[in-house]
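Heads up, the thing below is written out as structure tokens.
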Amino acid sequence: MAAEAQPLLGRGRGSGQARSGASSSQKLCIDQAVVFIEDAIKYRSIYHRMDAGSLWLYRWYYSNLCQRVLGITIVLILALAFVEFPSSFTRTSDVRYRSQPWQPPCGVTETIEALCMLIFLADLSVKGYLVGQAQLQQNLWLLAYFAVLLVSVVDWTVSLSLACEESVRVRRVLRPFFLLQNSSMMKKTLKCIRWSLPEMASVGLLLTIHLCLFTIIGMLLFTIGERDEAQNKERLAYFENLPESLTSLLVLLTTANNPDVMIPAYTKNRVYAFYFIIFTLIGSLFLMNLLTAIIYNQFRGYLMKSLQTSLFRRRLGARAAYEVLASTAGLAGATPEVGVNPEDFLRVLEKTQLCKIDKQAIMQKVLSYEGRPILPDEFQKLFDVVDKGVMKEHPPKPQYESPFLQSAQFLISHRCFDYLGSLIALGNLLSICVFLVLDSNLLPGQRNDFVLGILNYVFILYYLLEMLLKVFALGLRGYLYHCGNVFDGLLTIVLLVLEISTLAVYRFPRSGWVPKQYVPLSLWDMTRLVNTLIVFRFLRIIPYMKPMAMIASTVLALIQNLRAFGGILVVAYYVFAIIGINLFRGVILPPGNSSLVAENSSAPCGSFEQLDYWSINFDDFAAAVITLWNVMVVNNWQVFLDAYRRYSGPWSILYFVLWWLVSSVIWTNLFLALLLENFLHRWDPQNHGHLLAGSQQNTYQMSVELMFRDILEEPKEEELMEKLYKHPHLKLCR
């Protein structure tokens, strides 16, 4: 700490070497301002060491190279699950046809894992050093990081000592933590889930009471007069005992076994339908939707709280940079002024890691102050340009002297020319669909592809002509400026290459022509498949249709906010897949290998065996992920419950029910809450003016933070200064 106790703001050395001390202090202030600005732009915390050596280490750690290495390391250690025993390197996961997978020798994946853990150890060491000992002891995430690394190293050592023959690897379950701790948005999402758990538990209790009550009623209802064949069939199939009854009604809560569970009793007497209808109305339509409403009510402020925190970090970092730069005048011996010298700020801006376009936009705004000091409010507003995401200027069109060429350029550049291209693409798509319908009942050798072949050549020639005309009208740079043109051009080139190849192999189409198939997918079939991509050409018309543009801009803006939820889902899948492998690997056996496994012909209708679900298992990581996906969708998930109950025991139902709660109930409802939060705020009448910010007429492409800036509360100056004075590694004297 002694190395940090040097004057940072507004103080000289106070020694005989005042000039050199002031110069070094001024350089340190510039470096500090650079880091503060980068923290503000990236919404990072400014509570870290601020001495010269720590600043260099901090910037190196957050450089693109280091962060990419860390990201690749996280992906690599997570991907090891596909290679490690049991390996997923087989053509199929079907237990009847799966070959013996390749297994890496002991020590190969362990070496890769060791390298990854060394990088994580370096990551933890750098983070711990930069935040300081006091902050490290209070940071639960960093302490958990250390604990996970320690357990992983111990388990890795045990694995090598047992020659990789251990049955359980604890460290595999802990690997998703490395993904969690590296994302601030995922941490915030987990905190939101923790806040929502009490409310979700209250609705879960109501659901449990509902299930238990109707289970008791069902068991009493369908055991009265067991001589009745319909009642007896209902009892034996769905209400034979308490666990079976609970499972049947739990599945009915998801409507996966409806109306199968009702049919035996309903066939005998239609009055029994009221029991199942009332259960479904209360459970599925009332309680489950009530759960969604409660989660949304608890979650509705999540996005705003997150954006408010991000805004506070932006303002705090910018204010810290302002205070640092405002002190440089005194350090240089000049008369202190109110504000920041633009020249000092431009020096800082040159050293900041920002894209060139953002730097130019900020520089133009600074030059507009004409050399006068920049005031605090003006300094804060400089960085709003970064949120706007300044778009590149459209390249100028080529200049032609001929009036004819100028008229042609005007017509080709007009919006109607794009509409014409979309109509031609629609005709191409419809022609393909028509011939697919006409040839659907014909064998490949009976089809006549002469007309479709001619049409393909005509359409592709038009696409080529359209591309060349646009390059003529807009210029090559102007043509490549629009992503839609780039996609159309690539698609046209691919189609042209395929058509030339088809012409070289099959010659020109003729009546009664049937192209021979030399490979599983012939060039002719490839051309027809690529032609179907023409439908994406219609996406170009979205900016010109206001309702569609509003929806499209909302959906595109959601992607950034949904990344954290996607990460949480990846973590859940990974953990449950590893646990599922340890619990159920090898329990599903091919027919004939066990007395429990029935042949498909003798298996009951609708059972795991009769439906050929042999590929749905936990024999490797990839198969486990697909199995969890099928359970998450809850379609026919009662088949999986029944199969694993028979093959591994009744306790297996707890695993699948817990996964259903985590994925289909909690995660799906939280996802829906965030979706509603975004749409309600973006579709508010006050925000309609911002929703079309991505249209071609605007200069800026607005970020989510800037879009809600009018709704968020600006931090007060007293709050910012109070936080700065509490900075453990910064000394303010103003």
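Residue numbering restarts at 1 for every chain of the structure tokens, chains are lettered A, B, ... in their displayed order, and ligands are numbered from 1 as they appear.
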
Excluding Val657 (chain A) and any residue of its chain fewer than 3 positions from it, enumerate the residues within 12 Å of it, using only C-alpha atoms, and give them as a PDB file with N, CA and C atoms, in the first residue's frame.
ATOM      1  N   LEU A 246     -49.103 -38.723  -8.280  1.00  0.00           N
ATOM      2  CA  LEU A 246     -48.472 -37.404  -8.287  1.00  0.00           C
ATOM      3  C   LEU A 246     -47.775 -37.131  -9.618  1.00  0.00           C
ATOM      4  N   THR A 247     -47.089 -38.132 -10.119  1.00  0.00           N
ATOM      5  CA  THR A 247     -46.384 -37.966 -11.393  1.00  0.00           C
ATOM      6  C   THR A 247     -47.360 -37.725 -12.537  1.00  0.00           C
ATOM      7  N   LEU A 250     -48.681 -34.215 -12.227  1.00  0.00           N
ATOM      8  CA  LEU A 250     -47.631 -33.239 -12.509  1.00  0.00           C
ATOM      9  C   LEU A 250     -47.414 -33.103 -14.013  1.00  0.00           C
ATOM     10  N   VAL A 251     -47.422 -34.220 -14.712  1.00  0.00           N
ATOM     11  CA  VAL A 251     -47.290 -34.179 -16.166  1.00  0.00           C
ATOM     12  C   VAL A 251     -48.514 -33.523 -16.789  1.00  0.00           C
ATOM     13  N   THR A 254     -48.432 -29.834 -17.142  1.00  0.00           N
ATOM     14  CA  THR A 254     -47.769 -29.319 -18.342  1.00  0.00           C
ATOM     15  C   THR A 254     -48.528 -29.673 -19.611  1.00  0.00           C
ATOM     16  N   PHE A 576     -26.579 -29.841 -15.160  1.00  0.00           N
ATOM     17  CA  PHE A 576     -27.512 -30.969 -15.139  1.00  0.00           C
ATOM     18  C   PHE A 576     -27.059 -32.088 -16.065  1.00  0.00           C
ATOM     19  N   LEU A 628     -31.931 -33.351 -22.128  1.00  0.00           N
ATOM     20  CA  LEU A 628     -32.436 -32.258 -21.292  1.00  0.00           C
ATOM     21  C   LEU A 628     -33.284 -31.288 -22.117  1.00  0.00           C
ATOM     22  N   VAL A 631     -36.718 -32.765 -22.463  1.00  0.00           N
ATOM     23  CA  VAL A 631     -37.486 -32.644 -21.219  1.00  0.00           C
ATOM     24  C   VAL A 631     -37.935 -31.202 -21.019  1.00  0.00           C
ATOM     25  N   MET A 632     -37.092 -30.251 -21.370  1.00  0.00           N
ATOM     26  CA  MET A 632     -37.436 -28.837 -21.215  1.00  0.00           C
ATOM     27  C   MET A 632     -38.642 -28.464 -22.062  1.00  0.00           C
ATOM     28  N   VAL A 634     -41.035 -30.408 -22.724  1.00  0.00           N
ATOM     29  CA  VAL A 634     -42.098 -31.129 -22.005  1.00  0.00           C
ATOM     30  C   VAL A 634     -43.077 -31.856 -22.918  1.00  0.00           C
ATOM     31  N   TRP A 637     -42.677 -35.816 -22.218  1.00  0.00           N
ATOM     32  CA  TRP A 637     -41.649 -36.044 -21.208  1.00  0.00           C
ATOM     33  C   TRP A 637     -42.075 -37.103 -20.192  1.00  0.00           C
ATOM     34  N   GLN A 638     -43.371 -37.451 -20.176  1.00  0.00           N
ATOM     35  CA  GLN A 638     -43.804 -38.544 -19.312  1.00  0.00           C
ATOM     36  C   GLN A 638     -43.209 -39.875 -19.760  1.00  0.00           C
ATOM     37  N   PHE A 640     -40.092 -40.242 -20.840  1.00  0.00           N
ATOM     38  CA  PHE A 640     -38.765 -40.291 -20.238  1.00  0.00           C
ATOM     39  C   PHE A 640     -38.855 -40.610 -18.746  1.00  0.00           C
ATOM     40  N   LEU A 641     -39.837 -40.000 -18.076  1.00  0.00           N
ATOM     41  CA  LEU A 641     -40.017 -40.275 -16.647  1.00  0.00           C
ATOM     42  C   LEU A 641     -40.274 -41.762 -16.409  1.00  0.00           C
ATOM     43  N   PRO A 650     -37.278 -45.308  -8.945  1.00  0.00           N
ATOM     44  CA  PRO A 650     -38.254 -44.208  -8.823  1.00  0.00           C
ATOM     45  C   PRO A 650     -37.626 -42.879  -8.437  1.00  0.00           C
ATOM     46  N   TRP A 651     -36.430 -42.911  -7.808  1.00  0.00           N
ATOM     47  CA  TRP A 651     -35.786 -41.654  -7.404  1.00  0.00           C
ATOM     48  C   TRP A 651     -35.400 -40.796  -8.607  1.00  0.00           C
ATOM     49  N   SER A 652     -35.295 -41.383  -9.813  1.00  0.00           N
ATOM     50  CA  SER A 652     -34.894 -40.625 -11.000  1.00  0.00           C
ATOM     51  C   SER A 652     -35.893 -39.526 -11.345  1.00  0.00           C
ATOM     52  N   ILE A 653     -37.150 -39.708 -10.909  1.00  0.00           N
ATOM     53  CA  ILE A 653     -38.173 -38.694 -11.202  1.00  0.00           C
ATOM     54  C   ILE A 653     -37.793 -37.362 -10.571  1.00  0.00           C
ATOM     55  N   LEU A 654     -37.130 -37.388  -9.400  1.00  0.00           N
ATOM     56  CA  LEU A 654     -36.727 -36.143  -8.739  1.00  0.00           C
ATOM     57  C   LEU A 654     -35.787 -35.330  -9.613  1.00  0.00           C
ATOM     58  N   TRP A 660     -37.127 -29.745 -14.781  1.00  0.00           N
ATOM     59  CA  TRP A 660     -38.317 -29.067 -15.307  1.00  0.00           C
ATOM     60  C   TRP A 660     -38.560 -27.757 -14.563  1.00  0.00           C
ATOM     61  N   LEU A 661     -38.385 -27.758 -13.256  1.00  0.00           N
ATOM     62  CA  LEU A 661     -38.587 -26.541 -12.472  1.00  0.00           C
ATOM     63  C   LEU A 661     -37.570 -25.467 -12.854  1.00  0.00           C
ATOM     64  N   VAL A 662     -36.303 -25.864 -12.995  1.00  0.00           N
ATOM     65  CA  VAL A 662     -35.250 -24.895 -13.293  1.00  0.00           C
ATOM     66  C   VAL A 662     -35.396 -24.338 -14.700  1.00  0.00           C
ATOM     67  N   SER A 663     -35.638 -25.213 -15.673  1.00  0.00           N
ATOM     68  CA  SER A 663     -35.636 -24.783 -17.079  1.00  0.00           C
ATOM     69  C   SER A 663     -36.992 -24.263 -17.542  1.00  0.00           C
ATOM     70  N   SER A 664     -38.029 -25.069 -17.402  1.00  0.00           N
ATOM     71  CA  SER A 664     -39.328 -24.708 -17.969  1.00  0.00           C
ATOM     72  C   SER A 664     -40.115 -23.738 -17.106  1.00  0.00           C
ATOM     73  N   VAL A 665     -39.896 -23.767 -15.800  1.00  0.00           N
ATOM     74  CA  VAL A 665     -40.673 -22.901 -14.907  1.00  0.00           C
ATOM     75  C   VAL A 665     -39.902 -21.626 -14.590  1.00  0.00           C
TER      76      VAL A 665
END

Counting only C-alpha atoms, give me one row per residue of region 17-119 of chain A with an atom at most 12 Å from an atom of region 143-165 of chain A, showing the shortest contact pair and its distance in Å to one decimal, sorted by chain then residue number, as JSON lines.
{"residue": "A:Ile77", "atom": "CA", "partner": "A:Ser152", "partner_atom": "CA", "distance": 11.9}
{"residue": "A:Glu84", "atom": "CA", "partner": "A:Cys164", "partner_atom": "CA", "distance": 10.1}
{"residue": "A:Phe85", "atom": "CA", "partner": "A:Cys164", "partner_atom": "CA", "distance": 9.2}
{"residue": "A:Pro86", "atom": "CA", "partner": "A:Glu165", "partner_atom": "CA", "distance": 11.6}
{"residue": "A:Gln103", "atom": "CA", "partner": "A:Cys164", "partner_atom": "CA", "distance": 11.5}
{"residue": "A:Pro104", "atom": "CA", "partner": "A:Cys164", "partner_atom": "CA", "distance": 10.6}
{"residue": "A:Pro105", "atom": "CA", "partner": "A:Cys164", "partner_atom": "CA", "distance": 9.0}
{"residue": "A:Cys106", "atom": "CA", "partner": "A:Cys164", "partner_atom": "CA", "distance": 5.9}
{"residue": "A:Gly107", "atom": "CA", "partner": "A:Leu160", "partner_atom": "CA", "distance": 7.4}
{"residue": "A:Val108", "atom": "CA", "partner": "A:Cys164", "partner_atom": "CA", "distance": 10.5}
{"residue": "A:Thr109", "atom": "CA", "partner": "A:Cys164", "partner_atom": "CA", "distance": 10.2}
{"residue": "A:Glu110", "atom": "CA", "partner": "A:Trp156", "partner_atom": "CA", "distance": 7.4}
{"residue": "A:Thr111", "atom": "CA", "partner": "A:Trp156", "partner_atom": "CA", "distance": 9.9}
{"residue": "A:Ile112", "atom": "CA", "partner": "A:Trp156", "partner_atom": "CA", "distance": 11.4}
{"residue": "A:Glu113", "atom": "CA", "partner": "A:Trp156", "partner_atom": "CA", "distance": 8.5}
{"residue": "A:Ala114", "atom": "CA", "partner": "A:Trp156", "partner_atom": "CA", "distance": 8.1}
{"residue": "A:Leu115", "atom": "CA", "partner": "A:Val153", "partner_atom": "CA", "distance": 11.4}
{"residue": "A:Cys116", "atom": "CA", "partner": "A:Leu149", "partner_atom": "CA", "distance": 10.6}
{"residue": "A:Met117", "atom": "CA", "partner": "A:Leu149", "partner_atom": "CA", "distance": 7.2}
{"residue": "A:Leu118", "atom": "CA", "partner": "A:Leu149", "partner_atom": "CA", "distance": 9.5}
{"residue": "A:Ile119", "atom": "CA", "partner": "A:Leu149", "partner_atom": "CA", "distance": 10.8}

Among listed residues A:Asn456, A:Gln308, A:Gln409, A:Gln298, nearest Leu429 (chain A) (using only C-alpha atoms) | A:Asn456

Skipping near chain neighbours, those fewer than 5 positions away, what residues fall within 7 Å of region 361-366 of chain A using only C-alpha atoms, listed as a list in words?
-> Pro342, Leu382 and Val385 of chain A

Requested write-out: N, CA, C and O atoms of the selected residues, as a PDB file, in the first residue's frame:
ATOM      1  N   PRO A 342      -9.089  21.553 -22.882  1.00  0.00           N
ATOM      2  CA  PRO A 342      -9.355  20.655 -24.022  1.00  0.00           C
ATOM      3  C   PRO A 342      -8.107  19.961 -24.542  1.00  0.00           C
ATOM      4  O   PRO A 342      -8.177  18.815 -24.992  1.00  0.00           O
ATOM      5  N   LEU A 382     -19.988  14.319 -23.247  1.00  0.00           N
ATOM      6  CA  LEU A 382     -19.095  13.931 -24.336  1.00  0.00           C
ATOM      7  C   LEU A 382     -19.205  12.448 -24.658  1.00  0.00           C
ATOM      8  O   LEU A 382     -19.078  12.040 -25.813  1.00  0.00           O
ATOM      9  N   VAL A 385     -21.920  10.124 -27.021  1.00  0.00           N
ATOM     10  CA  VAL A 385     -21.686   9.791 -28.423  1.00  0.00           C
ATOM     11  C   VAL A 385     -21.344   8.313 -28.567  1.00  0.00           C
ATOM     12  O   VAL A 385     -21.698   7.677 -29.558  1.00  0.00           O
TER      13      VAL A 385
END

List the neighbours of Gln135 (chain A) out to 10 Å using only C-alpha atoms; skip same-chain residues closer than 6 positions along the sequence, and give me the result as JSON, numbers by chain.
-> {"A": [47, 48, 128, 129, 142, 728]}

Quick one: distance from CA of Leu291 (chain A) to CA of Asp260 (chain A) in Å, one decimal?
->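 Calculated distance between CA of Leu291 (chain A) and CA of Asp260 (chain A) is 26.0 Å.
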
What does the distance between CA of Leu611 (chain A) and CA of Val639 (chain A) come to in Å, to one decimal place?
->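 A separation of 9.1 Å between them.
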
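For the atom pair formed by CA of Leu190 (chain A) and CA of Gly317 (chain A), the distance is 25.3 Å, given to one decimal.
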
Write out as a list in words the residues lying within 9 Å of Thr352 (chain A), counting only C-alpha atoms and excluding same-chain residues fewer than 2 positions away.
-> Val34, Val35, Ile37, Glu38, Val348, Leu349, Glu350, Leu354 and Lys359 of chain A

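Within 10 Å of Gly580 (chain A), once only C-alpha atoms are used and residues closer than 4 positions along the same chain are dropped, the contacting residues are A:Tyr574, A:Val575, A:Phe576, A:Phe584, A:Arg585, A:Asn617, A:Phe618, A:Asp619, A:Asp620, A:Phe621, A:Ala624, A:Val625, A:Thr627, A:Leu628, A:Ser652, A:Tyr655, A:Phe656.
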
Include N, CA, C and O atoms and write out the residues we just selected as a PDB file, in the first residue's frame.
ATOM      1  N   TYR A 574     -25.247 -27.363 -18.565  1.00  0.00           N
ATOM      2  CA  TYR A 574     -23.956 -28.011 -18.326  1.00  0.00           C
ATOM      3  C   TYR A 574     -23.978 -28.779 -17.013  1.00  0.00           C
ATOM      4  O   TYR A 574     -23.574 -29.948 -16.950  1.00  0.00           O
ATOM      5  N   VAL A 575     -24.453 -28.123 -15.959  1.00  0.00           N
ATOM      6  CA  VAL A 575     -24.456 -28.764 -14.637  1.00  0.00           C
ATOM      7  C   VAL A 575     -25.364 -29.983 -14.625  1.00  0.00           C
ATOM      8  O   VAL A 575     -24.979 -31.071 -14.160  1.00  0.00           O
ATOM      9  N   PHE A 576     -26.579 -29.841 -15.160  1.00  0.00           N
ATOM     10  CA  PHE A 576     -27.512 -30.969 -15.139  1.00  0.00           C
ATOM     11  C   PHE A 576     -27.059 -32.088 -16.065  1.00  0.00           C
ATOM     12  O   PHE A 576     -27.314 -33.263 -15.789  1.00  0.00           O
ATOM     13  N   PHE A 584     -27.098 -41.587 -14.724  1.00  0.00           N
ATOM     14  CA  PHE A 584     -27.847 -42.456 -15.641  1.00  0.00           C
ATOM     15  C   PHE A 584     -27.024 -43.021 -16.792  1.00  0.00           C
ATOM     16  O   PHE A 584     -27.597 -43.625 -17.697  1.00  0.00           O
ATOM     17  N   ARG A 585     -25.728 -42.839 -16.795  1.00  0.00           N
ATOM     18  CA  ARG A 585     -24.937 -43.377 -17.904  1.00  0.00           C
ATOM     19  C   ARG A 585     -24.977 -44.903 -17.895  1.00  0.00           C
ATOM     20  O   ARG A 585     -24.670 -45.539 -16.895  1.00  0.00           O
ATOM     21  N   ASN A 617     -30.630 -40.514 -24.151  1.00  0.00           N
ATOM     22  CA  ASN A 617     -29.959 -41.118 -23.007  1.00  0.00           C
ATOM     23  C   ASN A 617     -28.905 -40.167 -22.457  1.00  0.00           C
ATOM     24  O   ASN A 617     -28.745 -39.041 -22.949  1.00  0.00           O
ATOM     25  N   PHE A 618     -28.192 -40.634 -21.448  1.00  0.00           N
ATOM     26  CA  PHE A 618     -27.136 -39.852 -20.802  1.00  0.00           C
ATOM     27  C   PHE A 618     -25.786 -40.554 -20.931  1.00  0.00           C
ATOM     28  O   PHE A 618     -24.938 -40.442 -20.049  1.00  0.00           O
ATOM     29  N   ASP A 619     -25.563 -41.234 -22.041  1.00  0.00           N
ATOM     30  CA  ASP A 619     -24.327 -41.995 -22.197  1.00  0.00           C
ATOM     31  C   ASP A 619     -23.135 -41.123 -22.561  1.00  0.00           C
ATOM     32  O   ASP A 619     -21.996 -41.579 -22.482  1.00  0.00           O
ATOM     33  N   ASP A 620     -23.358 -39.903 -23.006  1.00  0.00           N
ATOM     34  CA  ASP A 620     -22.268 -38.951 -23.224  1.00  0.00           C
ATOM     35  C   ASP A 620     -22.831 -37.547 -23.094  1.00  0.00           C
ATOM     36  O   ASP A 620     -24.052 -37.347 -22.964  1.00  0.00           O
ATOM     37  N   PHE A 621     -21.955 -36.545 -23.132  1.00  0.00           N
ATOM     38  CA  PHE A 621     -22.377 -35.174 -22.845  1.00  0.00           C
ATOM     39  C   PHE A 621     -23.336 -34.643 -23.906  1.00  0.00           C
ATOM     40  O   PHE A 621     -24.350 -34.012 -23.579  1.00  0.00           O
ATOM     41  N   ALA A 624     -26.688 -36.144 -23.473  1.00  0.00           N
ATOM     42  CA  ALA A 624     -27.332 -35.622 -22.264  1.00  0.00           C
ATOM     43  C   ALA A 624     -27.962 -34.257 -22.519  1.00  0.00           C
ATOM     44  O   ALA A 624     -29.065 -33.965 -22.036  1.00  0.00           O
ATOM     45  N   VAL A 625     -27.275 -33.406 -23.273  1.00  0.00           N
ATOM     46  CA  VAL A 625     -27.814 -32.079 -23.583  1.00  0.00           C
ATOM     47  C   VAL A 625     -29.101 -32.202 -24.392  1.00  0.00           C
ATOM     48  O   VAL A 625     -30.092 -31.496 -24.126  1.00  0.00           O
ATOM     49  N   THR A 627     -31.140 -34.756 -24.447  1.00  0.00           N
ATOM     50  CA  THR A 627     -32.169 -35.304 -23.560  1.00  0.00           C
ATOM     51  C   THR A 627     -32.778 -34.219 -22.689  1.00  0.00           C
ATOM     52  O   THR A 627     -34.012 -34.143 -22.522  1.00  0.00           O
ATOM     53  N   LEU A 628     -31.931 -33.351 -22.128  1.00  0.00           N
ATOM     54  CA  LEU A 628     -32.436 -32.258 -21.292  1.00  0.00           C
ATOM     55  C   LEU A 628     -33.284 -31.288 -22.117  1.00  0.00           C
ATOM     56  O   LEU A 628     -34.270 -30.736 -21.609  1.00  0.00           O
ATOM     57  N   SER A 652     -35.295 -41.383  -9.813  1.00  0.00           N
ATOM     58  CA  SER A 652     -34.894 -40.625 -11.000  1.00  0.00           C
ATOM     59  C   SER A 652     -35.893 -39.526 -11.345  1.00  0.00           C
ATOM     60  O   SER A 652     -35.534 -38.531 -11.982  1.00  0.00           O
ATOM     61  N   TYR A 655     -34.872 -36.005 -10.291  1.00  0.00           N
ATOM     62  CA  TYR A 655     -33.924 -35.308 -11.167  1.00  0.00           C
ATOM     63  C   TYR A 655     -34.658 -34.593 -12.300  1.00  0.00           C
ATOM     64  O   TYR A 655     -34.410 -33.404 -12.570  1.00  0.00           O
ATOM     65  N   PHE A 656     -35.571 -35.290 -12.959  1.00  0.00           N
ATOM     66  CA  PHE A 656     -36.266 -34.703 -14.103  1.00  0.00           C
ATOM     67  C   PHE A 656     -37.235 -33.604 -13.662  1.00  0.00           C
ATOM     68  O   PHE A 656     -37.376 -32.590 -14.359  1.00  0.00           O
TER      69      PHE A 656
END

Among region 120-293 of chain A, which ones does DSSP place in helix (DSSP H, G or I), written as a VMD selection string?
-> chain A and resid 120 to 138 140 to 161 170 to 174 176 to 181 184 to 221 229 to 238 242 to 253 263 to 268 270 to 293

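By only C-alpha atoms, and with residues fewer than 6 positions from region 64-71 of chain A along its chain excluded, the set lying at most 10 Å from it is Cys116, Ile119, Phe120, Asp123, Phe178, Leu179, Asn182 and Gln353 of chain A.
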
Taking into account only C-alpha atoms, which residue in the set A:Leu28, A:Ala320, A:Ile282, A:Ala603 is nearest to Glu722 (chain A)?
->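 Residue with the minimum atom-to-atom distance to Glu722 (chain A): A:Ala320.
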